[in-house]
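Structure file work31.csv (CSV, N, CA and C atoms) follows.
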chain,number,residue,atom,x,y,z
I,81,MET,N,-18.7,74.0,46.5
I,81,MET,CA,-17.8,73.5,47.5
I,81,MET,C,-16.4,73.3,46.9
I,82,SER,N,-15.4,73.7,47.7
I,82,SER,CA,-14.1,73.5,47.2
I,82,SER,C,-13.5,72.1,47.7
I,83,ALA,N,-12.7,71.5,46.9
I,83,ALA,CA,-12.1,70.3,47.2
I,83,ALA,C,-11.0,70.5,48.3
I,84,VAL,N,-10.9,69.6,49.3
I,84,VAL,CA,-9.9,69.7,50.3
I,84,VAL,C,-8.7,68.9,49.8
I,85,PRO,N,-7.5,69.6,49.7
I,85,PRO,CA,-6.3,68.8,49.2
I,85,PRO,C,-6.0,67.7,50.2
I,86,ARG,N,-5.6,66.5,49.6
I,86,ARG,CA,-5.2,65.4,50.4
I,86,ARG,C,-3.7,65.3,50.4
I,87,PRO,N,-3.2,64.7,51.5
I,87,PRO,CA,-1.7,64.5,51.5
I,87,PRO,C,-1.3,63.5,50.4
I,88,GLU,N,-0.1,63.6,49.9
I,88,GLU,CA,0.3,62.7,48.9
I,88,GLU,C,0.4,61.3,49.3
I,89,LYS,N,0.8,61.0,50.5
I,89,LYS,CA,1.0,59.7,51.1
I,89,LYS,C,0.2,59.6,52.4
I,90,PRO,N,-0.7,58.6,52.5
I,90,PRO,CA,-1.3,58.4,53.8
I,90,PRO,C,-0.2,58.0,54.8
I,91,THR,N,-0.4,58.5,56.1
I,91,THR,CA,0.6,58.3,57.1
I,91,THR,C,0.2,57.2,58.1
I,92,GLY,N,-0.7,56.4,57.7
I,92,GLY,CA,-1.1,55.3,58.7
I,92,GLY,C,-0.1,54.2,58.8
I,93,ARG,N,-0.4,53.3,59.8
I,93,ARG,CA,0.5,52.2,60.1
I,93,ARG,C,0.6,51.3,58.9
I,94,PHE,N,-0.5,51.0,58.2
I,94,PHE,CA,-0.4,50.1,57.0
I,94,PHE,C,0.4,50.7,55.9
I,95,ARG,N,0.3,52.0,55.7
I,95,ARG,CA,1.1,52.6,54.6
I,95,ARG,C,2.6,52.6,55.0
I,96,ARG,N,2.9,52.9,56.2
I,96,ARG,CA,4.3,52.8,56.6
I,96,ARG,C,4.9,51.4,56.4
I,97,MET,N,4.1,50.4,56.7
I,97,MET,CA,4.5,49.0,56.6
I,97,MET,C,4.7,48.7,55.1
I,98,LEU,N,3.8,49.1,54.2
I,98,LEU,CA,4.0,48.9,52.8
I,98,LEU,C,5.2,49.6,52.2
I,99,ASP,N,5.5,50.9,52.7
I,99,ASP,CA,6.7,51.6,52.3
I,99,ASP,C,7.9,50.8,52.7
I,100,ARG,N,7.9,50.3,53.9
I,100,ARG,CA,9.1,49.6,54.5
I,100,ARG,C,9.3,48.3,53.6
I,101,LEU,N,8.3,47.6,53.3
I,101,LEU,CA,8.4,46.4,52.5
I,101,LEU,C,8.9,46.7,51.1
I,102,SER,N,8.5,47.8,50.5
I,102,SER,CA,8.9,48.1,49.1
I,102,SER,C,10.2,48.9,49.0
I,103,THR,N,10.9,49.2,50.1
I,103,THR,CA,12.1,49.9,50.2
I,103,THR,C,13.3,48.9,50.2
I,104,SER,N,14.4,49.1,49.5
I,104,SER,CA,15.5,48.2,49.5
I,104,SER,C,16.2,48.2,50.9
I,105,GLN,N,17.0,47.2,51.2
I,105,GLN,CA,17.7,47.1,52.4
I,105,GLN,C,18.7,48.3,52.5
I,106,GLU,N,19.3,48.6,51.4
I,106,GLU,CA,20.3,49.7,51.3
I,106,GLU,C,19.7,51.0,51.7
I,107,GLU,N,18.5,51.3,51.2
I,107,GLU,CA,17.8,52.5,51.5
I,107,GLU,C,17.4,52.6,52.9
I,108,LEU,N,17.0,51.4,53.5
I,108,LEU,CA,16.6,51.4,54.9
I,108,LEU,C,17.8,51.6,55.8
I,109,HIS,N,19.0,51.1,55.4
I,109,HIS,CA,20.2,51.3,56.1
I,109,HIS,C,20.6,52.8,56.1
I,110,HIS,N,20.5,53.4,54.9
I,110,HIS,CA,20.9,54.8,54.8
I,110,HIS,C,20.0,55.7,55.7
I,111,ALA,N,18.7,55.4,55.7
I,111,ALA,CA,17.7,56.1,56.5
I,111,ALA,C,18.0,56.0,58.0
I,112,GLU,N,18.4,54.7,58.4
I,112,GLU,CA,18.8,54.5,59.8
I,112,GLU,C,20.0,55.3,60.2
I,113,LEU,N,21.0,55.3,59.3
I,113,LEU,CA,22.2,56.1,59.6
I,113,LEU,C,21.9,57.6,59.7
I,114,GLN,N,21.0,58.1,58.9
I,114,GLN,CA,20.6,59.5,58.9
I,114,GLN,C,19.9,59.8,60.2
I,115,GLN,N,19.0,58.9,60.6
I,115,GLN,CA,18.3,59.1,61.9
I,115,GLN,C,19.2,59.1,63.1
I,116,ASP,N,20.2,58.2,63.0
I,116,ASP,CA,21.2,58.1,64.1
I,116,ASP,C,22.0,59.4,64.2
I,117,ALA,N,22.4,60.0,63.1
I,117,ALA,CA,23.2,61.2,63.0
I,117,ALA,C,22.4,62.4,63.7
I,118,ALA,N,21.1,62.4,63.3
I,118,ALA,CA,20.2,63.5,63.9
I,118,ALA,C,20.0,63.3,65.4
I,119,ALA,N,19.9,62.0,65.8
I,119,ALA,CA,19.7,61.7,67.3
I,119,ALA,C,20.9,62.1,68.1
I,120,VAL,N,22.1,62.0,67.5
I,120,VAL,CA,23.3,62.4,68.3
I,120,VAL,C,23.6,63.9,68.2
I,121,GLY,N,22.9,64.6,67.3
I,121,GLY,CA,23.1,66.0,67.2
I,121,GLY,C,24.3,66.4,66.2
I,122,CYS,N,24.5,65.5,65.2
I,122,CYS,CA,25.6,65.7,64.3
I,122,CYS,C,25.0,66.3,63.0
I,123,THR,N,25.9,67.0,62.2
I,123,THR,CA,25.6,67.6,60.9
I,123,THR,C,25.6,66.5,59.9
I,124,PRO,N,24.6,66.4,59.0
I,124,PRO,CA,24.6,65.5,57.9
I,124,PRO,C,25.8,65.8,57.0
I,125,ILE,N,26.5,64.8,56.5
I,125,ILE,CA,27.7,65.0,55.7
I,125,ILE,C,27.4,65.8,54.4
I,126,CYS,N,26.2,65.5,53.9
I,126,CYS,CA,25.8,66.2,52.6
I,126,CYS,C,25.7,67.7,52.8
I,127,ASP,N,25.5,68.2,54.1
I,127,ASP,CA,25.3,69.6,54.4
I,127,ASP,C,26.7,70.3,54.7
I,128,CYS,N,27.8,69.6,54.8
I,128,CYS,CA,29.1,70.1,55.1
I,128,CYS,C,29.7,70.8,53.9
I,129,ASP,N,30.2,72.0,54.1
I,129,ASP,CA,30.8,72.7,53.1
I,129,ASP,C,32.3,73.0,53.4
I,130,ASP,N,33.1,73.3,52.4
I,130,ASP,CA,34.5,73.6,52.6
I,130,ASP,C,34.7,74.6,53.7
I,131,ARG,N,35.6,74.3,54.6
I,131,ARG,CA,36.1,75.2,55.7
I,131,ARG,C,35.1,75.2,56.9
I,132,ASP,N,34.0,74.5,56.8
I,132,ASP,CA,33.1,74.4,58.0
I,132,ASP,C,33.7,73.6,59.1
I,133,ILE,N,33.5,74.0,60.3
I,133,ILE,CA,33.8,73.2,61.5
I,133,ILE,C,32.6,72.4,61.8
I,134,VAL,N,32.7,71.1,61.8
I,134,VAL,CA,31.6,70.2,61.9
I,134,VAL,C,31.8,69.1,62.9
I,135,LYS,N,30.7,68.5,63.3
I,135,LYS,CA,30.7,67.3,64.1
I,135,LYS,C,29.8,66.3,63.3
I,136,VAL,N,30.4,65.2,62.8
I,136,VAL,CA,29.7,64.2,62.0
I,136,VAL,C,29.8,62.8,62.6
I,137,THR,N,28.9,62.0,62.2
I,137,THR,CA,28.9,60.6,62.7
I,137,THR,C,28.5,59.7,61.6
I,138,GLY,N,29.0,58.4,61.6
I,138,GLY,CA,28.6,57.5,60.6
I,138,GLY,C,29.4,56.2,60.8
I,139,THR,N,29.4,55.4,59.8
I,139,THR,CA,30.1,54.1,59.8
I,139,THR,C,31.3,54.1,58.9
I,140,LEU,N,32.4,53.6,59.3
I,140,LEU,CA,33.6,53.5,58.5
I,140,LEU,C,33.4,52.4,57.5
I,141,ARG,N,33.5,52.8,56.2
I,141,ARG,CA,33.3,51.8,55.1
I,141,ARG,C,34.6,51.2,54.7
I,142,THR,N,35.7,52.0,54.7
I,142,THR,CA,37.0,51.5,54.3
I,142,THR,C,38.0,52.1,55.2
I,143,VAL,N,39.1,51.4,55.4
I,143,VAL,CA,40.3,51.9,56.2
I,143,VAL,C,41.5,51.5,55.4
I,144,THR,N,42.4,52.4,55.0
I,144,THR,CA,43.6,52.1,54.3
I,144,THR,C,44.8,52.9,54.7
I,145,LEU,N,45.9,52.4,54.5
I,145,LEU,CA,47.2,53.1,54.8
I,145,LEU,C,47.7,53.6,53.5
I,146,ARG,N,47.7,55.0,53.4
I,146,ARG,CA,48.1,55.6,52.1
I,146,ARG,C,49.1,56.7,52.4
I,147,PRO,N,50.3,56.6,52.1
I,147,PRO,CA,51.3,57.7,52.4
I,147,PRO,C,51.0,58.9,51.6
I,148,ARG,N,51.2,60.1,52.3
I,148,ARG,CA,51.0,61.4,51.7
I,148,ARG,C,52.3,62.2,51.8
I,149,ALA,N,52.9,62.5,50.7
I,149,ALA,CA,54.1,63.2,50.7
I,149,ALA,C,55.2,62.5,51.5
I,150,GLY,N,55.3,61.2,51.5
I,150,GLY,CA,56.3,60.4,52.2
I,150,GLY,C,56.0,60.2,53.7
I,151,VAL,N,54.8,60.7,54.1
I,151,VAL,CA,54.4,60.6,55.5
I,151,VAL,C,53.3,59.5,55.6
I,152,PRO,N,53.4,58.6,56.5
I,152,PRO,CA,52.3,57.6,56.6
I,152,PRO,C,51.0,58.3,56.9
I,153,ALA,N,49.9,57.8,56.4
I,153,ALA,CA,48.6,58.4,56.6
I,153,ALA,C,47.5,57.3,56.6
I,154,LEU,N,46.8,57.3,57.7
I,154,LEU,CA,45.7,56.3,57.8
I,154,LEU,C,44.4,57.0,57.3
I,155,GLU,N,43.8,56.5,56.3
I,155,GLU,CA,42.6,57.1,55.6
I,155,GLU,C,41.4,56.1,55.8
I,156,ALA,N,40.3,56.8,56.2
I,156,ALA,CA,39.0,56.0,56.3
I,156,ALA,C,37.9,56.8,55.6
I,157,GLU,N,37.0,56.0,55.1
I,157,GLU,CA,35.8,56.7,54.5
I,157,GLU,C,34.6,56.5,55.5
I,158,LEU,N,34.1,57.7,55.9
I,158,LEU,CA,33.0,57.7,56.8
I,158,LEU,C,31.7,58.0,56.1
I,159,PHE,N,30.7,57.2,56.3
I,159,PHE,CA,29.4,57.3,55.6
I,159,PHE,C,28.3,57.5,56.6
I,160,ASP,N,27.4,58.4,56.4
I,160,ASP,CA,26.3,58.7,57.3
I,160,ASP,C,24.9,58.5,56.7
I,161,GLY,N,24.8,57.9,55.5
I,161,GLY,CA,23.6,57.7,54.9
I,161,GLY,C,23.2,58.8,53.9
I,162,SER,N,23.8,60.0,54.0
I,162,SER,CA,23.5,61.1,53.1
I,162,SER,C,24.7,61.3,52.1
I,163,ALA,N,25.9,61.1,52.6
I,163,ALA,CA,27.1,61.3,51.8
I,163,ALA,C,28.3,60.7,52.5
I,164,ALA,N,29.5,60.7,51.9
I,164,ALA,CA,30.7,60.2,52.5
I,164,ALA,C,31.7,61.3,52.6
I,165,LEU,N,32.6,61.1,53.5
I,165,LEU,CA,33.8,62.0,53.6
I,165,LEU,C,35.0,61.1,54.0
I,166,ASP,N,36.2,61.6,53.7
I,166,ASP,CA,37.4,60.9,54.0
I,166,ASP,C,38.0,61.5,55.3
I,167,VAL,N,38.3,60.6,56.2
I,167,VAL,CA,38.9,61.0,57.5
I,167,VAL,C,40.4,60.6,57.4
I,168,VAL,N,41.3,61.5,57.6
I,168,VAL,CA,42.7,61.2,57.4
I,168,VAL,C,43.5,61.6,58.7
I,169,TRP,N,44.2,60.6,59.2
I,169,TRP,CA,45.1,60.8,60.3
I,169,TRP,C,46.6,60.8,59.8
I,170,LEU,N,47.2,61.9,59.7
I,170,LEU,CA,48.6,62.0,59.2
I,170,LEU,C,49.6,61.5,60.3
I,171,GLY,N,50.6,60.8,59.8
I,171,GLY,CA,51.6,60.3,60.7
I,171,GLY,C,51.2,59.0,61.5
I,172,ARG,N,50.1,58.4,61.1
I,172,ARG,CA,49.6,57.2,61.8
I,172,ARG,C,49.6,56.1,60.8
I,173,ARG,N,50.0,54.9,61.3
I,173,ARG,CA,49.9,53.7,60.5
I,173,ARG,C,48.7,52.9,60.9
I,174,SER,N,48.3,53.0,62.1
I,174,SER,CA,47.0,52.3,62.6
I,174,SER,C,46.6,53.0,63.8
I,175,ILE,N,45.3,52.9,64.1
I,175,ILE,CA,44.7,53.4,65.4
I,175,ILE,C,43.8,52.3,65.9
I,176,ALA,N,44.0,51.9,67.2
I,176,ALA,CA,43.1,50.8,67.7
I,176,ALA,C,41.7,51.2,67.6
I,177,GLY,N,40.9,50.3,67.1
I,177,GLY,CA,39.4,50.5,67.0
I,177,GLY,C,39.0,51.1,65.7
I,178,ILE,N,39.9,51.7,64.9
I,178,ILE,CA,39.6,52.2,63.6
I,178,ILE,C,39.6,51.1,62.6
I,179,GLU,N,38.4,50.6,62.2
I,179,GLU,CA,38.3,49.4,61.3
I,179,GLU,C,37.0,49.5,60.6
I,180,PRO,N,36.9,48.9,59.4
I,180,PRO,CA,35.7,49.0,58.6
I,180,PRO,C,34.5,48.4,59.5
I,181,GLY,N,33.3,49.1,59.3
I,181,GLY,CA,32.1,48.7,60.0
I,181,GLY,C,32.0,49.4,61.4
I,182,ARG,N,33.0,50.0,61.9
I,182,ARG,CA,32.9,50.7,63.2
I,182,ARG,C,32.2,52.0,63.1
I,183,LYS,N,31.4,52.4,64.0
I,183,LYS,CA,30.7,53.7,64.0
I,183,LYS,C,31.6,54.7,64.9
I,184,LEU,N,31.7,55.9,64.4
I,184,LEU,CA,32.4,56.9,65.2
I,184,LEU,C,31.8,58.3,65.0
I,185,ILE,N,32.1,59.2,65.9
I,185,ILE,CA,31.8,60.6,65.8
I,185,ILE,C,33.1,61.3,65.6
I,186,ALA,N,33.2,62.2,64.6
I,186,ALA,CA,34.4,62.9,64.3
I,186,ALA,C,34.1,64.4,64.2
I,187,SER,N,35.0,65.2,64.7
I,187,SER,CA,34.8,66.7,64.6
I,187,SER,C,36.1,67.3,64.1
I,188,GLY,N,35.9,68.4,63.4
I,188,GLY,CA,37.1,69.2,62.9
I,188,GLY,C,36.6,70.1,61.7
I,189,ARG,N,37.6,70.6,61.0
I,189,ARG,CA,37.3,71.5,59.9
I,189,ARG,C,37.4,70.7,58.6
I,190,ILE,N,36.3,70.8,57.8
I,190,ILE,CA,36.2,70.2,56.5
I,190,ILE,C,37.1,70.9,55.5
I,191,SER,N,37.7,70.1,54.7
I,191,SER,CA,38.4,70.7,53.5
I,191,SER,C,38.1,69.9,52.3
I,192,MET,N,38.3,70.5,51.1
I,192,MET,CA,37.9,69.7,49.9
I,192,MET,C,39.3,69.3,49.2
I,193,SER,N,39.3,68.1,48.8
I,193,SER,CA,40.5,67.6,48.1
I,193,SER,C,40.0,66.7,47.0
I,194,ARG,N,40.4,67.1,45.8
I,194,ARG,CA,40.0,66.4,44.6
I,194,ARG,C,38.4,66.2,44.5
I,195,GLY,N,37.7,67.2,44.9
I,195,GLY,CA,36.2,67.1,44.9
I,195,GLY,C,35.6,66.3,46.0
I,196,ARG,N,36.4,65.9,47.0
I,196,ARG,CA,35.8,65.1,48.1
I,196,ARG,C,36.0,65.9,49.4
I,197,ARG,N,35.1,65.7,50.3
I,197,ARG,CA,35.2,66.3,51.7
I,197,ARG,C,36.2,65.5,52.5
I,198,VAL,N,37.1,66.2,53.2
I,198,VAL,CA,38.1,65.5,54.0
I,198,VAL,C,38.2,66.2,55.3
I,199,LEU,N,38.4,65.3,56.4
I,199,LEU,CA,38.7,65.8,57.7
I,199,LEU,C,40.1,65.3,58.1
I,200,PHE,N,41.0,66.2,58.2
I,200,PHE,CA,42.4,65.9,58.6
I,200,PHE,C,42.6,65.9,60.1
I,201,ASN,N,43.2,64.8,60.7
I,201,ASN,CA,43.5,64.7,62.1
I,201,ASN,C,42.3,65.2,63.0
I,202,PRO,N,41.1,64.6,62.8
I,202,PRO,CA,40.0,65.0,63.5
I,202,PRO,C,40.0,64.6,65.0
I,203,ARG,N,39.3,65.2,65.8
I,203,ARG,CA,39.0,64.7,67.2
I,203,ARG,C,37.9,63.7,66.9
I,204,TYR,N,38.0,62.5,67.5
I,204,TYR,CA,37.0,61.5,67.3
I,204,TYR,C,36.7,60.7,68.5
I,205,GLU,N,35.5,60.1,68.5
I,205,GLU,CA,35.0,59.2,69.6
I,205,GLU,C,34.4,58.0,68.9
I,206,LEU,N,35.0,56.8,69.4
I,206,LEU,CA,34.4,55.6,68.9
I,206,LEU,C,33.1,55.3,69.6
I,207,ARG,N,32.1,54.9,68.8
I,207,ARG,CA,30.8,54.6,69.3
I,207,ARG,C,30.8,53.2,70.0
I,208,PRO,N,30.1,53.0,71.1
I,208,PRO,CA,30.1,51.7,71.7
I,208,PRO,C,29.6,50.6,70.8
I,209,LEU,N,30.3,49.4,70.9
I,209,LEU,CA,29.9,48.3,70.0
I,209,LEU,C,28.5,47.9,70.1
I,210,GLY,N,27.9,48.0,71.3
I,210,GLY,CA,26.5,47.6,71.5
I,210,GLY,C,25.5,48.4,70.7
I,211,GLN,N,25.9,49.6,70.2
I,211,GLN,CA,25.0,50.5,69.4
I,211,GLN,C,25.0,50.3,67.9
I,212,GLU,N,25.8,49.3,67.5
I,212,GLU,CA,26.0,49.1,66.1
I,212,GLU,C,25.0,48.1,65.5
Would you mind giving the structure from this file in structure tokens?
Amino acid sequence: MSAVPRPEKPTGRFRRMLDRLSTSQEELHHAELQQDAAAVGCTPICDCDDRDIVKVTGTLRTVTLRPRAGVPALEAELFDGSAALDVVWLGRRSIAGIEPGRKLIASGRISMSRGRRVLFNPRYELRPLGQE
């Protein structure tokens, strides 16, 4: 008789509960953000390459005013649980609703700047506050 291979992890309710208890809050939050991105039909940021036209979603971790070549620029870091990218609005000092902790969907063409993914002047949609 040959041995039947067993799955590496049991998939029962008890096992899922143990996995959840042994996982850190940060890992749970990252997994939740990734599930949210998939549910909305967005591309995971980690899968975005230079010059791709993408639609991504996540939570704004930081928002700063940083001039670029003498022009005001509002920069935000968008994180979706898999990776982060910088969202930059050139010529803007502030945008109503763009603040740390806010969820949004952004679309545009990815570019690489100093080894980081960047979306310049993206089309964006603020996610309703009740979904956060």
Point to revise | Secondary structure check, strand (DSSP E or B) residues of region 89-189 of chain I, as a ChimeraX atom specification | key: /I:133-145,148,151,153-159,164-170,183-189
Keeping only N, CA and C atoms, take the residues you just selected and write them out as an mmCIF file, keeping the file's coordinate frame.
data_model
loop_
_atom_site.group_PDB
_atom_site.id
_atom_site.type_symbol
_atom_site.label_atom_id
_atom_site.label_comp_id
_atom_site.auth_asym_id
_atom_site.auth_seq_id
_atom_site.Cartn_x
_atom_site.Cartn_y
_atom_site.Cartn_z
ATOM 1 N N ILE I 133 33.500 74.000 60.300
ATOM 2 C CA ILE I 133 33.800 73.200 61.500
ATOM 3 C C ILE I 133 32.600 72.400 61.800
ATOM 4 N N VAL I 134 32.700 71.100 61.800
ATOM 5 C CA VAL I 134 31.600 70.200 61.900
ATOM 6 C C VAL I 134 31.800 69.100 62.900
ATOM 7 N N LYS I 135 30.700 68.500 63.300
ATOM 8 C CA LYS I 135 30.700 67.300 64.100
ATOM 9 C C LYS I 135 29.800 66.300 63.300
ATOM 10 N N VAL I 136 30.400 65.200 62.800
ATOM 11 C CA VAL I 136 29.700 64.200 62.000
ATOM 12 C C VAL I 136 29.800 62.800 62.600
ATOM 13 N N THR I 137 28.900 62.000 62.200
ATOM 14 C CA THR I 137 28.900 60.600 62.700
ATOM 15 C C THR I 137 28.500 59.700 61.600
ATOM 16 N N GLY I 138 29.000 58.400 61.600
ATOM 17 C CA GLY I 138 28.600 57.500 60.600
ATOM 18 C C GLY I 138 29.400 56.200 60.800
ATOM 19 N N THR I 139 29.400 55.400 59.800
ATOM 20 C CA THR I 139 30.100 54.100 59.800
ATOM 21 C C THR I 139 31.300 54.100 58.900
ATOM 22 N N LEU I 140 32.400 53.600 59.300
ATOM 23 C CA LEU I 140 33.600 53.500 58.500
ATOM 24 C C LEU I 140 33.400 52.400 57.500
ATOM 25 N N ARG I 141 33.500 52.800 56.200
ATOM 26 C CA ARG I 141 33.300 51.800 55.100
ATOM 27 C C ARG I 141 34.600 51.200 54.700
ATOM 28 N N THR I 142 35.700 52.000 54.700
ATOM 29 C CA THR I 142 37.000 51.500 54.300
ATOM 30 C C THR I 142 38.000 52.100 55.200
ATOM 31 N N VAL I 143 39.100 51.400 55.400
ATOM 32 C CA VAL I 143 40.300 51.900 56.200
ATOM 33 C C VAL I 143 41.500 51.500 55.400
ATOM 34 N N THR I 144 42.400 52.400 55.000
ATOM 35 C CA THR I 144 43.600 52.100 54.300
ATOM 36 C C THR I 144 44.800 52.900 54.700
ATOM 37 N N LEU I 145 45.900 52.400 54.500
ATOM 38 C CA LEU I 145 47.200 53.100 54.800
ATOM 39 C C LEU I 145 47.700 53.600 53.500
ATOM 40 N N ARG I 148 51.200 60.100 52.300
ATOM 41 C CA ARG I 148 51.000 61.400 51.700
ATOM 42 C C ARG I 148 52.300 62.200 51.800
ATOM 43 N N VAL I 151 54.800 60.700 54.100
ATOM 44 C CA VAL I 151 54.400 60.600 55.500
ATOM 45 C C VAL I 151 53.300 59.500 55.600
ATOM 46 N N ALA I 153 49.900 57.800 56.400
ATOM 47 C CA ALA I 153 48.600 58.400 56.600
ATOM 48 C C ALA I 153 47.500 57.300 56.600
ATOM 49 N N LEU I 154 46.800 57.300 57.700
ATOM 50 C CA LEU I 154 45.700 56.300 57.800
ATOM 51 C C LEU I 154 44.400 57.000 57.300
ATOM 52 N N GLU I 155 43.800 56.500 56.300
ATOM 53 C CA GLU I 155 42.600 57.100 55.600
ATOM 54 C C GLU I 155 41.400 56.100 55.800
ATOM 55 N N ALA I 156 40.300 56.800 56.200
ATOM 56 C CA ALA I 156 39.000 56.000 56.300
ATOM 57 C C ALA I 156 37.900 56.800 55.600
ATOM 58 N N GLU I 157 37.000 56.000 55.100
ATOM 59 C CA GLU I 157 35.800 56.700 54.500
ATOM 60 C C GLU I 157 34.600 56.500 55.500
ATOM 61 N N LEU I 158 34.100 57.700 55.900
ATOM 62 C CA LEU I 158 33.000 57.700 56.800
ATOM 63 C C LEU I 158 31.700 58.000 56.100
ATOM 64 N N PHE I 159 30.700 57.200 56.300
ATOM 65 C CA PHE I 159 29.400 57.300 55.600
ATOM 66 C C PHE I 159 28.300 57.500 56.600
ATOM 67 N N ALA I 164 29.500 60.700 51.900
ATOM 68 C CA ALA I 164 30.700 60.200 52.500
ATOM 69 C C ALA I 164 31.700 61.300 52.600
ATOM 70 N N LEU I 165 32.600 61.100 53.500
ATOM 71 C CA LEU I 165 33.800 62.000 53.600
ATOM 72 C C LEU I 165 35.000 61.100 54.000
ATOM 73 N N ASP I 166 36.200 61.600 53.700
ATOM 74 C CA ASP I 166 37.400 60.900 54.000
ATOM 75 C C ASP I 166 38.000 61.500 55.300
ATOM 76 N N VAL I 167 38.300 60.600 56.200
ATOM 77 C CA VAL I 167 38.900 61.000 57.500
ATOM 78 C C VAL I 167 40.400 60.600 57.400
ATOM 79 N N VAL I 168 41.300 61.500 57.600
ATOM 80 C CA VAL I 168 42.700 61.200 57.400
ATOM 81 C C VAL I 168 43.500 61.600 58.700
ATOM 82 N N TRP I 169 44.200 60.600 59.200
ATOM 83 C CA TRP I 169 45.100 60.800 60.300
ATOM 84 C C TRP I 169 46.600 60.800 59.800
ATOM 85 N N LEU I 170 47.200 61.900 59.700
ATOM 86 C CA LEU I 170 48.600 62.000 59.200
ATOM 87 C C LEU I 170 49.600 61.500 60.300
ATOM 88 N N LYS I 183 31.400 52.400 64.000
ATOM 89 C CA LYS I 183 30.700 53.700 64.000
ATOM 90 C C LYS I 183 31.600 54.700 64.900
ATOM 91 N N LEU I 184 31.700 55.900 64.400
ATOM 92 C CA LEU I 184 32.400 56.900 65.200
ATOM 93 C C LEU I 184 31.800 58.300 65.000
ATOM 94 N N ILE I 185 32.100 59.200 65.900
ATOM 95 C CA ILE I 185 31.800 60.600 65.800
ATOM 96 C C ILE I 185 33.100 61.300 65.600
ATOM 97 N N ALA I 186 33.200 62.200 64.600
ATOM 98 C CA ALA I 186 34.400 62.900 64.300
ATOM 99 C C ALA I 186 34.100 64.400 64.200
ATOM 100 N N SER I 187 35.000 65.200 64.700
ATOM 101 C CA SER I 187 34.800 66.700 64.600
ATOM 102 C C SER I 187 36.100 67.300 64.100
ATOM 103 N N GLY I 188 35.900 68.400 63.400
ATOM 104 C CA GLY I 188 37.100 69.200 62.900
ATOM 105 C C GLY I 188 36.600 70.100 61.700
ATOM 106 N N ARG I 189 37.600 70.600 61.000
ATOM 107 C CA ARG I 189 37.300 71.500 59.900
ATOM 108 C C ARG I 189 37.400 70.700 58.600
#
Exercise for review: Would you list the contacts of Arg141 (chain I) as JSON, numbers by chain, taking every protein, DNA or RNA residue within 6 Å and counting only N, CA and C atoms, but skipping same-chain residues closer than 4 positions in sequence?
Suggested key: {"I": [156, 157, 158, 159, 180, 181]}
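The spacing separating CA of Ala164 (chain I) from CA of Ala149 (chain I) amounts to 23.7 Å.
For the atom pair formed by atom C of Arg197 (chain I) and atom C of Leu108 (chain I), the distance is 23.3 Å, given to one decimal.
As for atom N of Pro124 (chain I) and CA of His110 (chain I), they are spaced 12.9 Å apart.
Each of I:Ile133, I:Val168, I:Ile175, I:Ala117 was checked against Val198 (chain I) using all atoms listed in the file; the smallest atom-to-atom distance is that of I:Val168.
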Practice item. Tell me, as an MDAnalysis selection string, which residues lie within 6 Å of Val134 (chain I), counting all atoms listed in the file; anything in the same chain fewer than 6 positions away does not count. Key: chainID I and resid 186:190
Practice item. Identify the residues around (23.3, 59.9, 52.0) within a radius of 8 Å, measuring from all atoms listed in the file in the coordinates stated by the file, and give them as a PyMOL selection string. Key: chain I and resi 110-111+114+125-126+159-164
Exercise for review: Would you return as a PyMOL selection string the members of region 84-177 of chain I that DSSP assigns to alpha helix (DSSP H) on this structure's backbone?
Suggested key: chain I and resi 93-102+105-120
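Contact shell of Trp169 (chain I) at 6 Å (all atoms listed in the file; same-chain neighbours under 3 positions omitted): Pro152, Ala153, Leu154, Glu155, Arg172, Phe200 and Asn201 of chain I.
Nearest to Arg196 (chain I) of all the residues I:Asp127, I:Glu106, I:Asp132, I:Asp166 is I:Asp166, based on all atoms listed in the file.
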Point to revise | Minimum-distance residue to Val143 (chain I), chosen among I:Met192, I:Ile178, I:Leu113, I:Ile185 (using all atoms listed in the file) | key: I:Ile178
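Using only C-alpha atoms, the nearest neighbour of Thr142 (chain I) within the list I:Thr123, I:Arg182, I:Glu112, I:Ala118 is I:Arg182.
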Here's a test: counting all atoms listed in the file, identify every protein, DNA and RNA residue with an atom at most 8 Å from (26.3, 53.0, 65.2) in the file's coordinate frame, and state them as a short mmCIF file (atom, residue, chain, number, x, y, z; two decimals) with N, CA and C atoms, keeping the file's coordinate frame.
data_model
loop_
_atom_site.label_atom_id
_atom_site.label_comp_id
_atom_site.auth_asym_id
_atom_site.auth_seq_id
_atom_site.Cartn_x
_atom_site.Cartn_y
_atom_site.Cartn_z
N LEU I 113 21.00 55.30 59.30
CA LEU I 113 22.20 56.10 59.60
C LEU I 113 21.90 57.60 59.70
N ASP I 116 20.20 58.20 63.00
CA ASP I 116 21.20 58.10 64.10
C ASP I 116 22.00 59.40 64.20
N THR I 137 28.90 62.00 62.20
CA THR I 137 28.90 60.60 62.70
C THR I 137 28.50 59.70 61.60
N GLY I 138 29.00 58.40 61.60
CA GLY I 138 28.60 57.50 60.60
C GLY I 138 29.40 56.20 60.80
N THR I 139 29.40 55.40 59.80
CA THR I 139 30.10 54.10 59.80
C THR I 139 31.30 54.10 58.90
N GLY I 181 33.30 49.10 59.30
CA GLY I 181 32.10 48.70 60.00
C GLY I 181 32.00 49.40 61.40
N ARG I 182 33.00 50.00 61.90
CA ARG I 182 32.90 50.70 63.20
C ARG I 182 32.20 52.00 63.10
N LYS I 183 31.40 52.40 64.00
CA LYS I 183 30.70 53.70 64.00
C LYS I 183 31.60 54.70 64.90
N LEU I 184 31.70 55.90 64.40
CA LEU I 184 32.40 56.90 65.20
C LEU I 184 31.80 58.30 65.00
N ARG I 207 32.10 54.90 68.80
CA ARG I 207 30.80 54.60 69.30
C ARG I 207 30.80 53.20 70.00
N PRO I 208 30.10 53.00 71.10
CA PRO I 208 30.10 51.70 71.70
C PRO I 208 29.60 50.60 70.80
N LEU I 209 30.30 49.40 70.90
CA LEU I 209 29.90 48.30 70.00
C LEU I 209 28.50 47.90 70.10
N GLY I 210 27.90 48.00 71.30
CA GLY I 210 26.50 47.60 71.50
C GLY I 210 25.50 48.40 70.70
N GLN I 211 25.90 49.60 70.20
CA GLN I 211 25.00 50.50 69.40
C GLN I 211 25.00 50.30 67.90
N GLU I 212 25.80 49.30 67.50
CA GLU I 212 26.00 49.10 66.10
C GLU I 212 25.00 48.10 65.50
#
